[in-house]
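Structure first, then comments.
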Amino acid sequence: MANLMQLNVLSPDSYVFQADNISYIDAHTEGGAVGILPRHATMVAALDAAPLKYRDDNGVAHYLFVDTGYLEVKDNVVTVLSVAAELAESIDVEKAQAALERAKAKIENLDQEIDLPAAQADLKRAEARLKTVTLSKSKE
């Protein structure tokens, strides 16, 4: 297991994902992208709403959507605590597309009752969910 690490992804209402055969993780933090290999230095980072890529022990890429939250790396274990997270194959593309269209409509038709930062966050989240599905299908 020296060349592998454990990945745990949790949200408030569920244990989204757990595996101990992970060879690489690519996450998007508020400070930018970070690549994590086994035996990575201890760290904590705030996450952006974005796809999270991980590779299993066979080098196969997998994706999941991670909403804002935190990532901790310690003792070869990567833990993601997120507001919401879902595996790429669990994302309802029609719902994500509808959320994207709603967010765009709010931003394009601003009135005094619209919370612009919240609408922009909704847009970013919907785009990230759809990107997760697209990346998963392309298996880059």
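Residue names in the structure tokens use chain letters A, B, ... in the order shown, residue numbers from 1 in each chain, and ligand numbers from 1 in the order shown.
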Q.
Residues near segment 100-116 of chain A, anyone? I mean within 7 Å using only C-alpha atoms, not counting same-chain ones fewer than 6 positions away, as a VMD selection string.
A. chain A and resid 122 to 123 126 to 127
Write out, as a Markdown table, each residue of segment 27-47 of chain A that has an atom at most 6 Å from segment 52-72 of chain A, together with the closest pair of atoms and their distance in Å to one decimal, counting only C-alpha atoms, rows going by chain and rising number.
| residue | atom | partner | partner_atom | distance |
| --- | --- | --- | --- | --- |
| A:Ala27 | CA | A:Leu52 | CA | 5.0 |
| A:Met43 | CA | A:Glu72 | CA | 5.7 |
| A:Val44 | CA | A:Glu72 | CA | 4.4 |
| A:Ala45 | CA | A:Leu71 | CA | 5.3 |
| A:Ala46 | CA | A:Tyr70 | CA | 4.5 |
| A:Leu47 | CA | A:Gly69 | CA | 5.1 |
Q: Enumerate, as a VMD selection string, the complete set of residues in chain A that a backbone-based DSSP assignment places in strand (DSSP E or B).
A: chain A and resid 5 to 11 14 to 29 32 to 36 43 to 47 50 to 56 61 to 66 69 to 74 77 to 82 85 to 87
Q: Would you mind telling me which residue in A:Ala50, A:Val34, A:Val78, A:Arg39 lies nearest to Asn8 of chain A when using only C-alpha atoms?
A: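 Looking at the shortest contact to Asn8 of chain A, the residue is A:Val78.
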Q | Polymer residues at most 12 Å from Val77 of chain A, only C-alpha atoms, same-chain spacing of 3 or more positions, as number ranges by chain | A | A: 1-2, 4-9, 18-25, 36-44, 71-74, 80
Output file for the residues above (N, CA, C and O atoms, as a compact mmCIF listing (two decimals), in the first residue's frame):
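Result went into selection_37.txt, see below:
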# COMPACT_ATOMS: atom_id res chain seq x y z
N MET A 1 0.82 -1.19 0.00
CA MET A 1 0.00 0.00 0.00
C MET A 1 0.87 1.26 0.00
O MET A 1 0.36 2.36 -0.03
N ALA A 2 2.17 1.11 -0.03
CA ALA A 2 3.07 2.26 0.02
C ALA A 2 2.91 3.15 -1.21
O ALA A 2 3.14 4.35 -1.14
N LEU A 4 0.03 3.51 -2.81
CA LEU A 4 -1.39 3.83 -2.93
C LEU A 4 -1.81 4.63 -1.71
O LEU A 4 -1.11 4.68 -0.71
N MET A 5 -2.98 5.26 -1.82
CA MET A 5 -3.51 6.00 -0.69
C MET A 5 -5.01 5.77 -0.60
O MET A 5 -5.62 5.20 -1.50
N GLN A 6 -5.57 6.21 0.49
CA GLN A 6 -7.00 6.06 0.73
C GLN A 6 -7.69 7.38 0.42
O GLN A 6 -7.14 8.46 0.71
N LEU A 7 -8.88 7.32 -0.17
CA LEU A 7 -9.70 8.49 -0.44
C LEU A 7 -11.06 8.31 0.21
O LEU A 7 -11.72 7.29 -0.02
N ASN A 8 -11.45 9.28 1.02
CA ASN A 8 -12.78 9.29 1.66
C ASN A 8 -13.47 10.59 1.27
O ASN A 8 -12.89 11.67 1.45
N VAL A 9 -14.68 10.49 0.74
CA VAL A 9 -15.45 11.67 0.37
C VAL A 9 -16.76 11.63 1.15
O VAL A 9 -17.53 10.68 1.01
N GLN A 18 -15.49 5.81 -0.85
CA GLN A 18 -14.33 5.38 -0.07
C GLN A 18 -13.60 4.33 -0.87
O GLN A 18 -14.21 3.41 -1.41
N ALA A 19 -12.28 4.49 -0.97
CA ALA A 19 -11.44 3.49 -1.63
C ALA A 19 -10.03 3.59 -1.06
O ALA A 19 -9.59 4.66 -0.66
N ASP A 20 -9.34 2.47 -1.03
CA ASP A 20 -7.97 2.47 -0.52
C ASP A 20 -6.96 2.05 -1.59
O ASP A 20 -5.83 1.70 -1.27
N ASN A 21 -7.37 2.15 -2.86
CA ASN A 21 -6.47 1.76 -3.96
C ASN A 21 -6.24 2.94 -4.90
O ASN A 21 -6.18 2.79 -6.11
N ILE A 22 -6.05 4.12 -4.36
CA ILE A 22 -5.93 5.34 -5.16
C ILE A 22 -4.45 5.67 -5.40
O ILE A 22 -3.66 5.72 -4.46
N SER A 23 -4.12 5.92 -6.67
CA SER A 23 -2.73 6.23 -7.01
C SER A 23 -2.50 7.71 -7.28
O SER A 23 -1.36 8.17 -7.26
N TYR A 24 -3.59 8.47 -7.53
CA TYR A 24 -3.44 9.89 -7.83
C TYR A 24 -4.78 10.60 -7.64
O TYR A 24 -5.84 10.02 -7.94
N ILE A 25 -4.72 11.84 -7.18
CA ILE A 25 -5.92 12.67 -7.03
C ILE A 25 -5.61 14.05 -7.58
O ILE A 25 -4.55 14.62 -7.31
N ILE A 36 -2.19 15.17 -6.04
CA ILE A 36 -1.80 14.47 -4.82
C ILE A 36 -1.39 13.04 -5.17
O ILE A 36 -2.17 12.28 -5.75
N LEU A 37 -0.18 12.69 -4.81
CA LEU A 37 0.35 11.35 -4.98
C LEU A 37 0.52 10.72 -3.60
O LEU A 37 0.53 11.42 -2.58
N PRO A 38 0.68 9.39 -3.53
CA PRO A 38 0.93 8.76 -2.23
C PRO A 38 2.12 9.40 -1.52
O PRO A 38 3.06 9.88 -2.16
N ARG A 39 2.03 9.44 -0.21
CA ARG A 39 3.03 10.03 0.67
C ARG A 39 3.13 11.55 0.52
O ARG A 39 4.16 12.14 0.80
N HIS A 40 2.05 12.18 0.07
CA HIS A 40 2.01 13.64 -0.06
C HIS A 40 2.13 14.27 1.33
O HIS A 40 1.70 13.69 2.32
N ALA A 41 2.69 15.43 1.39
CA ALA A 41 2.82 16.16 2.66
C ALA A 41 1.45 16.46 3.25
O ALA A 41 0.47 16.62 2.51
N THR A 42 1.39 16.54 4.54
CA THR A 42 0.15 16.88 5.22
C THR A 42 -0.30 18.26 4.77
O THR A 42 0.50 19.18 4.64
N MET A 43 -1.59 18.38 4.50
CA MET A 43 -2.14 19.68 4.09
C MET A 43 -3.63 19.72 4.31
O MET A 43 -4.29 18.68 4.41
N VAL A 44 -4.16 20.94 4.38
CA VAL A 44 -5.60 21.20 4.41
C VAL A 44 -5.84 22.32 3.42
O VAL A 44 -5.09 23.28 3.37
N LEU A 71 -10.42 19.72 1.94
CA LEU A 71 -9.65 18.53 1.64
C LEU A 71 -8.52 18.46 2.65
O LEU A 71 -7.86 19.47 2.91
N GLU A 72 -8.33 17.28 3.23
CA GLU A 72 -7.22 17.08 4.16
C GLU A 72 -6.39 15.90 3.65
O GLU A 72 -6.93 14.87 3.25
N VAL A 73 -5.08 16.07 3.67
CA VAL A 73 -4.15 14.99 3.35
C VAL A 73 -3.33 14.75 4.60
O VAL A 73 -2.70 15.67 5.13
N LYS A 74 -3.35 13.52 5.09
CA LYS A 74 -2.58 13.18 6.29
C LYS A 74 -2.36 11.68 6.34
O LYS A 74 -3.31 10.89 6.21
N VAL A 80 -12.15 14.26 1.97
CA VAL A 80 -12.86 15.41 1.41
C VAL A 80 -14.16 15.54 2.19
O VAL A 80 -14.95 14.60 2.26
